[in-house]
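Right, one structure below, let's go through it.
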Amino acid sequence: MSQEKRRFARFQTELHGFLYLCKGDSLCKGDNGDKLTPPVRCQIFDLSKYGARIITSQVIVDQHHLFFSTLESDEFTLFLEVEAAETSDDEKTEKEQLNQLIFPVRPIWFDRVLDQVQKPFKIGFEFNEKLSDEMVRLIKKQSH
């Protein structure tokens, strides 16, 4: 049996987030026309400095395939937005930082989960830029 070799260790999460497709590679401005799809809810199962694995019930949104659209054209960028968990007032600064956790991602693989009734999709992403140690720390804190 072969052992997986990863650049950084993954850690398990129970975070929720959103995926959406934008035109161009800068953050979507919403009503300015560069956000091509509405946000699709997802659950982030594991994360490393380089990427994440999510599960979502939907990959085709407004005639765009969230996986293939970004692979077939440099014109589109997929974003993963991490939803911040509720925090106490003492942690308000960290929550404000987490509210800014929106990452451009590149899908690497996807698969259908056939053993579940809803038959959701699993997608593996690579972050366009490696996460800093501080970002990983903030996300880990939110995931427990």
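Chain labels run A, B, ... following the order of the structure tokens; each chain numbers its residues from 1, and ligands are numbered from 1 in the order shown.
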
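Summary of the local environment: counting only C-alpha atoms, residues at most 12 Å from Asp133 of chain A, other than itself and those fewer than 4 positions away along its chain, are Phe8, Ser48, Lys49, Tyr50, Arg137, Leu138, Ile139 and Lys140 of chain A.
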
Original post:
Contacts of segment 79-82 of chain A at 9 Å or less, counting only C-alpha atoms, minus same-chain residues fewer than 2 places along, as a PyMOL selection string?
Top reply: chain A and resi 15-22+27-28+44+77+84+98-106+139

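The smallest atom-to-atom distance between Phe110 of chain A and any of A:Phe127, A:Phe11, A:Phe68, A:Phe45, using only C-alpha atoms, is found for A:Phe68.
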
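Here the question is which of A:Ile123, A:Trp109, A:Val136, A:Thr70 gets nearest to Asp25 of chain A using only C-alpha atoms, and that residue is A:Thr70.
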
Subject >> Residues of segment 52-142 of chain A in strand (DSSP E), written as a PyMOL selection string >> reply: chain A and resi 52-56+60-61+64-65+76-82+102-112+121-127

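Excluding Val61 of chain A itself and same-chain residues fewer than 5 positions from it, the residues having an atom within 12 Å of it are Leu19, Tyr20, Leu21, Lys35, Leu36, Thr37, Pro38, Pro39, Val40, Arg41, Thr56, Leu66, Phe67, Phe68 and Ser69 of chain A, counting only C-alpha atoms.
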